[in-house]
Structures are given as C-alpha cells and as structure tokens.
>>> print(open('coords-v8.cif').read())   # mmCIF, C-alpha atoms
data_target
loop_
_atom_site.group_PDB
_atom_site.id
_atom_site.type_symbol
_atom_site.label_atom_id
_atom_site.label_comp_id
_atom_site.auth_asym_id
_atom_site.auth_seq_id
_atom_site.Cartn_x
_atom_site.Cartn_y
_atom_site.Cartn_z
ATOM 1 C CA MET A 1 23.534 5.859 4.684
ATOM 2 C CA ALA A 2 22.678 2.245 3.894
ATOM 3 C CA VAL A 3 21.396 1.361 0.431
ATOM 4 C CA LYS A 4 20.281 -2.075 -0.767
ATOM 5 C CA LEU A 5 18.951 -3.401 -4.071
ATOM 6 C CA ILE A 6 16.309 -6.073 -3.557
ATOM 7 C CA PRO A 7 14.545 -8.164 -6.226
ATOM 8 C CA TYR A 8 10.773 -7.744 -5.817
ATOM 9 C CA PHE A 9 8.518 -10.397 -7.373
ATOM 10 C CA VAL A 10 4.968 -9.289 -8.170
ATOM 11 C CA MET A 11 2.868 -12.421 -8.546
ATOM 12 C CA ASN A 12 -0.557 -13.118 -10.032
ATOM 13 C CA GLY A 13 -2.302 -14.522 -6.959
ATOM 14 C CA ASN A 14 0.299 -17.217 -6.295
ATOM 15 C CA ALA A 15 2.830 -15.440 -4.061
ATOM 16 C CA THR A 16 2.154 -17.829 -1.155
ATOM 17 C CA GLU A 17 2.777 -20.803 -3.452
ATOM 18 C CA ALA A 18 6.014 -19.215 -4.732
ATOM 19 C CA ILE A 19 7.221 -18.511 -1.182
ATOM 20 C CA GLN A 20 6.524 -22.125 -0.168
ATOM 21 C CA PHE A 21 8.369 -23.320 -3.272
ATOM 22 C CA TYR A 22 11.467 -21.246 -2.415
ATOM 23 C CA GLU A 23 11.314 -22.417 1.206
ATOM 24 C CA LYS A 24 11.407 -26.023 0.008
ATOM 25 C CA THR A 25 13.851 -25.688 -2.883
ATOM 26 C CA LEU A 26 16.235 -22.972 -1.662
ATOM 27 C CA GLY A 27 15.948 -23.230 2.126
ATOM 28 C CA ALA A 28 14.341 -19.775 2.296
ATOM 29 C CA LYS A 29 13.076 -18.458 5.625
ATOM 30 C CA VAL A 30 10.048 -16.165 5.792
ATOM 31 C CA ALA A 31 11.114 -12.941 7.518
ATOM 32 C CA PHE A 32 7.766 -11.152 7.039
ATOM 33 C CA LYS A 33 4.436 -11.902 5.403
ATOM 34 C CA GLN A 34 1.235 -9.836 5.379
ATOM 35 C CA THR A 35 -1.976 -10.306 3.413
ATOM 36 C CA PHE A 36 -4.173 -7.589 1.942
ATOM 37 C CA GLY A 37 -6.751 -8.580 4.566
ATOM 38 C CA GLU A 38 -4.258 -7.773 7.352
ATOM 39 C CA MET A 39 -3.571 -4.262 6.050
ATOM 40 C CA PRO A 40 -5.359 -1.222 7.490
ATOM 41 C CA GLU A 41 -8.673 -0.792 5.687
ATOM 42 C CA ASN A 42 -9.092 2.040 3.190
ATOM 43 C CA PRO A 43 -12.769 3.045 2.886
ATOM 44 C CA GLU A 44 -12.052 4.644 -0.507
ATOM 45 C CA MET A 45 -10.802 1.319 -1.878
ATOM 46 C CA PRO A 46 -12.861 -1.524 -0.394
ATOM 47 C CA LEU A 47 -11.097 -4.864 -0.624
ATOM 48 C CA PRO A 48 -12.955 -7.730 -2.315
ATOM 49 C CA ALA A 49 -13.397 -10.725 0.000
ATOM 50 C CA GLU A 50 -11.510 -13.025 -2.386
ATOM 51 C CA ALA A 51 -8.449 -10.751 -2.193
ATOM 52 C CA LYS A 52 -8.061 -10.787 1.582
ATOM 53 C CA SER A 53 -5.817 -13.864 1.580
ATOM 54 C CA LEU A 54 -3.515 -12.555 -1.165
ATOM 55 C CA VAL A 55 -0.023 -11.396 -0.152
ATOM 56 C CA SER A 56 0.355 -7.618 0.128
ATOM 57 C CA HIS A 57 4.022 -7.871 1.106
ATOM 58 C CA ALA A 58 6.446 -10.599 2.102
ATOM 59 C CA THR A 59 10.183 -10.895 2.568
ATOM 60 C CA ILE A 60 12.107 -14.153 2.468
ATOM 61 C CA GLN A 61 15.747 -14.669 3.366
ATOM 62 C CA ILE A 62 17.908 -16.952 1.248
ATOM 63 C CA GLY A 63 21.398 -17.134 2.694
ATOM 64 C CA GLU A 64 22.478 -13.533 3.239
ATOM 65 C CA ASP A 65 20.080 -12.030 0.687
ATOM 66 C CA VAL A 66 16.376 -11.312 0.559
ATOM 67 C CA ILE A 67 13.638 -11.356 -2.056
ATOM 68 C CA MET A 68 10.396 -9.442 -1.579
ATOM 69 C CA PHE A 69 6.993 -10.539 -2.870
ATOM 70 C CA SER A 70 3.454 -9.365 -3.328
ATOM 71 C CA ASP A 71 0.453 -10.433 -5.301
ATOM 72 C CA THR A 72 -0.919 -7.962 -7.826
ATOM 73 C CA PHE A 73 -3.259 -5.569 -6.027
ATOM 74 C CA PRO A 74 -6.870 -6.571 -6.706
ATOM 75 C CA GLY A 75 -8.174 -4.853 -9.817
ATOM 76 C CA GLN A 76 -4.705 -4.093 -11.194
ATOM 77 C CA PRO A 77 -3.564 -5.872 -14.355
ATOM 78 C CA HIS A 78 -0.775 -8.423 -14.146
ATOM 79 C CA GLN A 79 1.422 -8.806 -17.166
ATOM 80 C CA SER A 80 3.945 -11.582 -17.477
ATOM 81 C CA GLY A 81 7.342 -9.962 -17.813
ATOM 82 C CA ASN A 82 6.788 -7.142 -15.328
ATOM 83 C CA GLN A 83 6.499 -9.342 -12.264
ATOM 84 C CA VAL A 84 10.088 -8.647 -11.199
ATOM 85 C CA THR A 85 10.999 -5.162 -10.021
ATOM 86 C CA ILE A 86 13.988 -3.765 -8.170
ATOM 87 C CA CYS A 87 13.367 -2.372 -4.711
ATOM 88 C CA ILE A 88 15.990 0.192 -3.771
ATOM 89 C CA SER A 89 15.985 0.520 -0.019
ATOM 90 C CA SER A 90 17.528 3.328 1.981
ATOM 91 C CA ASN A 91 17.320 4.383 5.609
ATOM 92 C CA ASP A 92 17.377 8.073 4.627
ATOM 93 C CA LYS A 93 14.266 9.901 3.333
ATOM 94 C CA GLU A 94 16.412 12.506 1.564
ATOM 95 C CA GLN A 95 18.333 9.767 -0.272
ATOM 96 C CA SER A 96 15.040 8.127 -1.252
ATOM 97 C CA SER A 97 13.828 11.470 -2.606
ATOM 98 C CA GLN A 98 17.031 11.842 -4.652
ATOM 99 C CA PHE A 99 16.553 8.327 -6.090
ATOM 100 C CA PHE A 100 12.927 9.172 -6.934
ATOM 101 C CA GLN A 101 13.785 12.484 -8.633
ATOM 102 C CA ALA A 102 16.562 10.878 -10.687
ATOM 103 C CA LEU A 103 14.665 7.747 -11.724
ATOM 104 C CA LYS A 104 11.506 9.588 -12.788
ATOM 105 C CA GLU A 105 13.397 11.758 -15.344
ATOM 106 C CA GLY A 106 12.190 10.524 -18.718
ATOM 107 C CA GLY A 107 10.217 7.784 -16.993
ATOM 108 C CA GLN A 108 6.759 7.284 -15.558
ATOM 109 C CA VAL A 109 5.634 7.702 -11.949
ATOM 110 C CA GLU A 110 3.323 4.858 -10.915
ATOM 111 C CA MET A 111 3.060 6.033 -7.300
ATOM 112 C CA PRO A 112 4.474 9.378 -6.135
ATOM 113 C CA LEU A 113 6.938 9.448 -3.248
ATOM 114 C CA GLN A 114 4.818 9.518 -0.118
ATOM 115 C CA GLU A 115 4.497 8.326 3.443
ATOM 116 C CA THR A 116 2.680 5.006 3.780
ATOM 117 C CA PHE A 117 1.788 2.865 6.764
ATOM 118 C CA PHE A 118 4.860 0.724 6.037
ATOM 119 C CA SER A 119 7.436 3.342 5.011
ATOM 120 C CA PRO A 120 8.100 7.027 5.708
ATOM 121 C CA ALA A 121 8.871 7.553 1.985
ATOM 122 C CA TYR A 122 7.795 5.064 -0.701
ATOM 123 C CA ALA A 123 7.295 5.324 -4.469
ATOM 124 C CA ILE A 124 7.063 3.265 -7.640
ATOM 125 C CA VAL A 125 8.728 4.542 -10.821
ATOM 126 C CA ILE A 126 9.257 3.031 -14.260
ATOM 127 C CA ASP A 127 12.510 4.512 -15.519
ATOM 128 C CA LYS A 128 13.182 5.600 -19.094
ATOM 129 C CA PHE A 129 14.478 2.099 -19.876
ATOM 130 C CA GLY A 130 11.258 0.378 -18.739
ATOM 131 C CA VAL A 131 12.703 -0.924 -15.449
ATOM 132 C CA THR A 132 10.280 -0.704 -12.521
ATOM 133 C CA TRP A 133 11.794 0.579 -9.283
ATOM 134 C CA GLN A 134 10.203 0.542 -5.863
ATOM 135 C CA ILE A 135 11.818 3.166 -3.649
ATOM 136 C CA PHE A 136 11.512 2.107 -0.024
ATOM 137 C CA THR A 137 12.686 4.020 3.012
ATOM 138 C CA ASP A 138 13.308 1.607 5.863
ATOM 139 C CA SER A 139 13.213 3.292 9.236
ATOM 140 C CA HIS A 140 14.448 0.008 10.800
ATOM 141 C CA GLN A 141 17.754 -0.314 8.879
#
>>> encode(input="coords-v8.cif", output="structure tokens")
Amino acid sequence: MAVKLIPYFVMNGNATEAIQFYEKTLGAKVAFKQTFGEMPENPEMPLPAEAKSLVSHATIQIGEDVIMFSDTFPGQPHQSGNQVTICISSNDKEQSSQFFQALKEGGQVEMPLQETFFSPAYAIVIDKFGVTWQIFTDSHQ
C-alpha cells in the first residue's frame, strides 16, 4: 500500500497563472493539466463557456514533491482561506474507504466516496477540525 499526502490548491480562476508563477520561481514542471472544457461533458451540469478554459485539475512537480491545483468549479463559492486542501492518495480502494470513514466522523462530507472518470474511489471531506481532505485512489501508483 502506497499513501501520499499532497497539498491541493483550489484557486479562484487563476490556477494557470499560479502554475506559471511556480514554474518560473520554483522550477516546477507541469506533470498534468486539464481544463473543465477538456473533461467529459455532463448534461445535468452544463458548463458555462467562460469556464471552459479554467483548470479542472493539474499536477506540478517541484523537486521530488508535487502540488495539485484546480480552479473553483463554476458556480461554487471560493473563500480565501480554504483554497489549500490535503489530498491523501492511495493505490488501494479499501484504504481510501477507511480514510473516508475515519475522516467523516464528526465532520462533513462534501462529496461521497465514489468512482469518477479520474479515480476509482474519490471523495471530499471536511474533518471535525475544519481541514478539507480530498481522498484520491490512484490506479497508476
């Protein structure tokens, strides 16, 4: 079982600018970047045209570590102070489920643990201390 803790920066429409800044200032390398417009379309949640160029997910490498990014999903509020979350990544769905069950106790589930197009088991939980966790199962680890 491999487990990693990854800082995840949720930006207010300026994720691309932040990534470029870290490339220039910290020598970061973009490992992955996808916009909302590049995601599979969801007919139940049509994407506004102005949101198509916003970052849905990106990973940059700085030395041996990574930072993940996204812009706030269109229509969702962005509050300064909650733009940094911790992404706990595992290559084991059962381990991800255990993390989810433990972190949600006394906390708040923002997105239940579920299969997504990018992960076999993914969730977002705010724990009882107010820390936002993204639980990500990486089938490529």
>>> resolve_selection(input="coords-v8.cif", expression="the PyMOL selection byres ((chain A and resi 51) around 12)", output="number ranges by chain")
A: 12-14, 35-39, 46-50, 52-56, 71-76
>>> resolve_selection(input="coords-v8.cif", expression="the PyMOL selection byres ((chain A and resi 126) around 12)", output="list of chain:residue names")
A:Asn82, A:Thr85, A:Ile86, A:Cys87, A:Phe100, A:Gln101, A:Ala102, A:Leu103, A:Lys104, A:Glu105, A:Gly106, A:Gly107, A:Gln108, A:Val109, A:Glu110, A:Met111, A:Pro112, A:Ala123, A:Ile124, A:Val125, A:Asp127, A:Lys128, A:Phe129, A:Gly130, A:Val131, A:Thr132, A:Trp133, A:Gln134, A:Ile135
>>> atom_distance(input="coords-v8.cif", atom1="atom CA of Ile67 of chain A", atom2="atom CA of Glu17 of chain A")
14.5 Å
>>> residues_around(input="coords-v8.cif", residues="Lys93 of chain A", least_positions_apart="6", cutoff="8 Å", atoms="all atoms listed in the file", output="list in words")
Pro120, Ala121 and Thr137 of chain A
>>> resolve_selection(input="coords-v8.cif", expression="the PyMOL selection byres ((chain A and resi 91) around 12)", output="PyMOL selection string")
chain A and resi 1-4+88-90+92-97+119-122+135-141
>>> atom_distance(input="coords-v8.cif", atom1="atom CA of Ile60 of chain A", atom2="atom CA of Val30 of chain A")
4.4 Å
>>> closest_residue(input="coords-v8.cif", among="A:Gln79, A:Gln98, A:Thr116, A:Thr16", to="Thr59 of chain A", atoms="all atoms listed in the file")
A:Thr16
>>> residues_near_point(input="coords-v8.cif", point="(6.9, -10.4, -5.3)", cutoff="7 Å", atoms="all atoms listed in the file", output="PyMOL selection string")
chain A and resi 8-11+15+68-71+84
>>> atom_distance(input="coords-v8.cif", atom1="atom CA of Ala31 of chain A", atom2="atom CA of Glu64 of chain A")
12.2 Å
>>> axis_aligned_box(input="coords-v8.cif", around="segment 83-99 of chain A", padding_each_side="5 Å", output="lines of an AutoDock Vina configuration file")
center_x = 12.4
center_y = 1.6
center_z = -3.3
size_x = 21.8
size_y = 31.8
size_z = 27.9
>>> closest_residue(input="coords-v8.cif", among="A:Phe99, A:Leu113, A:Asp65, A:Ala58", to="Ala18 of chain A", atoms="all atoms listed in the file")
A:Ala58
>>> build_atoms(input="coords-v8.cif", residues="segment 52-86 of chain A", atoms="N, CA and C atoms", output="JSON list (two decimals), in the frame of the given file")
[["chain", "number", "residue", "atom", "x", "y", "z"],
["A", 52, "LYS", "N", -8.58, -10.94, 0.22],
["A", 52, "LYS", "CA", -8.06, -10.79, 1.58],
["A", 52, "LYS", "C", -6.92, -11.74, 1.91],
["A", 53, "SER", "N", -6.88, -12.90, 1.28],
["A", 53, "SER", "CA", -5.82, -13.86, 1.58],
["A", 53, "SER", "C", -4.59, -13.69, 0.68],
["A", 54, "LEU", "N", -4.67, -12.79, -0.29],
["A", 54, "LEU", "CA", -3.52, -12.56, -1.16],
["A", 54, "LEU", "C", -2.42, -11.80, -0.41],
["A", 55, "VAL", "N", -1.18, -12.00, -0.82],
["A", 55, "VAL", "CA", -0.02, -11.40, -0.15],
["A", 55, "VAL", "C", 0.13, -9.94, -0.58],
["A", 56, "SER", "N", 0.10, -9.03, 0.42],
["A", 56, "SER", "CA", 0.36, -7.62, 0.13],
["A", 56, "SER", "C", 1.85, -7.33, 0.16],
["A", 57, "HIS", "N", 2.57, -8.01, 1.04],
["A", 57, "HIS", "CA", 4.02, -7.87, 1.11],
["A", 57, "HIS", "C", 4.61, -9.03, 1.90],
["A", 58, "ALA", "N", 5.71, -9.55, 1.39],
["A", 58, "ALA", "CA", 6.45, -10.60, 2.10],
["A", 58, "ALA", "C", 7.93, -10.45, 1.80],
["A", 59, "THR", "N", 8.73, -10.87, 2.74],
["A", 59, "THR", "CA", 10.18, -10.90, 2.57],
["A", 59, "THR", "C", 10.67, -12.27, 2.98],
["A", 60, "ILE", "N", 11.47, -12.88, 2.11],
["A", 60, "ILE", "CA", 12.11, -14.15, 2.47],
["A", 60, "ILE", "C", 13.62, -13.96, 2.45],
["A", 61, "GLN", "N", 14.28, -14.72, 3.29],
["A", 61, "GLN", "CA", 15.75, -14.67, 3.37],
["A", 61, "GLN", "C", 16.28, -15.96, 2.77],
["A", 62, "ILE", "N", 17.21, -15.82, 1.84],
["A", 62, "ILE", "CA", 17.91, -16.95, 1.25],
["A", 62, "ILE", "C", 19.39, -16.68, 1.44],
["A", 63, "GLY", "N", 20.01, -17.42, 2.35],
["A", 63, "GLY", "CA", 21.40, -17.13, 2.69],
["A", 63, "GLY", "C", 21.48, -15.74, 3.30],
["A", 64, "GLU", "N", 22.31, -14.90, 2.73],
["A", 64, "GLU", "CA", 22.48, -13.53, 3.24],
["A", 64, "GLU", "C", 21.60, -12.51, 2.51],
["A", 65, "ASP", "N", 20.87, -12.95, 1.50],
["A", 65, "ASP", "CA", 20.08, -12.03, 0.69],
["A", 65, "ASP", "C", 18.59, -12.22, 0.89],
["A", 66, "VAL", "N", 17.83, -11.24, 0.45],
["A", 66, "VAL", "CA", 16.38, -11.31, 0.56],
["A", 66, "VAL", "C", 15.73, -11.10, -0.80],
["A", 67, "ILE", "N", 14.52, -11.61, -0.92],
["A", 67, "ILE", "CA", 13.64, -11.36, -2.06],
["A", 67, "ILE", "C", 12.32, -10.92, -1.45],
["A", 68, "MET", "N", 11.70, -9.90, -2.04],
["A", 68, "MET", "CA", 10.40, -9.44, -1.58],
["A", 68, "MET", "C", 9.33, -9.89, -2.58],
["A", 69, "PHE", "N", 8.11, -10.06, -2.07],
["A", 69, "PHE", "CA", 6.99, -10.54, -2.87],
["A", 69, "PHE", "C", 5.73, -9.74, -2.59],
["A", 70, "SER", "N", 4.85, -9.73, -3.55],
["A", 70, "SER", "CA", 3.45, -9.36, -3.33],
["A", 70, "SER", "C", 2.65, -9.98, -4.46],
["A", 71, "ASP", "N", 1.36, -10.11, -4.21],
["A", 71, "ASP", "CA", 0.45, -10.43, -5.30],
["A", 71, "ASP", "C", 0.02, -9.12, -5.92],
["A", 72, "THR", "N", -0.40, -9.15, -7.17],
["A", 72, "THR", "CA", -0.92, -7.96, -7.83],
["A", 72, "THR", "C", -2.10, -7.46, -7.02],
["A", 73, "PHE", "N", -2.15, -6.14, -6.78],
["A", 73, "PHE", "CA", -3.26, -5.57, -6.03],
["A", 73, "PHE", "C", -4.56, -5.86, -6.76],
["A", 74, "PRO", "N", -5.59, -6.26, -6.05],
["A", 74, "PRO", "CA", -6.87, -6.57, -6.71],
["A", 74, "PRO", "C", -7.33, -5.44, -7.62],
["A", 75, "GLY", "N", -7.70, -5.83, -8.83],
["A", 75, "GLY", "CA", -8.17, -4.85, -9.82],
["A", 75, "GLY", "C", -7.08, -4.32, -10.72],
["A", 76, "GLN", "N", -5.82, -4.55, -10.37],
["A", 76, "GLN", "CA", -4.70, -4.09, -11.19],
["A", 76, "GLN", "C", -4.32, -5.20, -12.18],
["A", 77, "PRO", "N", -3.95, -4.84, -13.39],
["A", 77, "PRO", "CA", -3.56, -5.87, -14.36],
["A", 77, "PRO", "C", -2.21, -6.48, -14.00],
["A", 78, "HIS", "N", -2.06, -7.73, -14.31],
["A", 78, "HIS", "CA", -0.78, -8.42, -14.15],
["A", 78, "HIS", "C", -0.32, -8.84, -15.53],
["A", 79, "GLN", "N", 0.89, -8.48, -15.86],
["A", 79, "GLN", "CA", 1.42, -8.81, -17.17],
["A", 79, "GLN", "C", 2.69, -9.61, -16.98],
["A", 80, "SER", "N", 2.74, -10.77, -17.57],
["A", 80, "SER", "CA", 3.94, -11.58, -17.48],
["A", 80, "SER", "C", 5.09, -10.79, -18.08],
["A", 81, "GLY", "N", 6.18, -10.73, -17.37],
["A", 81, "GLY", "CA", 7.34, -9.96, -17.81],
["A", 81, "GLY", "C", 7.60, -8.77, -16.92],
["A", 82, "ASN", "N", 6.56, -8.27, -16.23],
["A", 82, "ASN", "CA", 6.79, -7.14, -15.33],
["A", 82, "ASN", "C", 6.64, -7.56, -13.87],
["A", 83, "GLN", "N", 6.69, -8.87, -13.62],
["A", 83, "GLN", "CA", 6.50, -9.34, -12.26],
["A", 83, "GLN", "C", 7.75, -9.22, -11.40],
["A", 84, "VAL", "N", 8.87, -8.86, -11.98],
["A", 84, "VAL", "CA", 10.09, -8.65, -11.20],
["A", 84, "VAL", "C", 10.46, -7.17, -11.27],
["A", 85, "THR", "N", 10.57, -6.55, -10.11],
["A", 85, "THR", "CA", 11.00, -5.16, -10.02],
["A", 85, "THR", "C", 12.22, -5.10, -9.12],
["A", 86, "ILE", "N", 12.86, -3.96, -9.08],
["A", 86, "ILE", "CA", 13.99, -3.76, -8.17],
["A", 86, "ILE", "C", 13.53, -2.80, -7.08]]
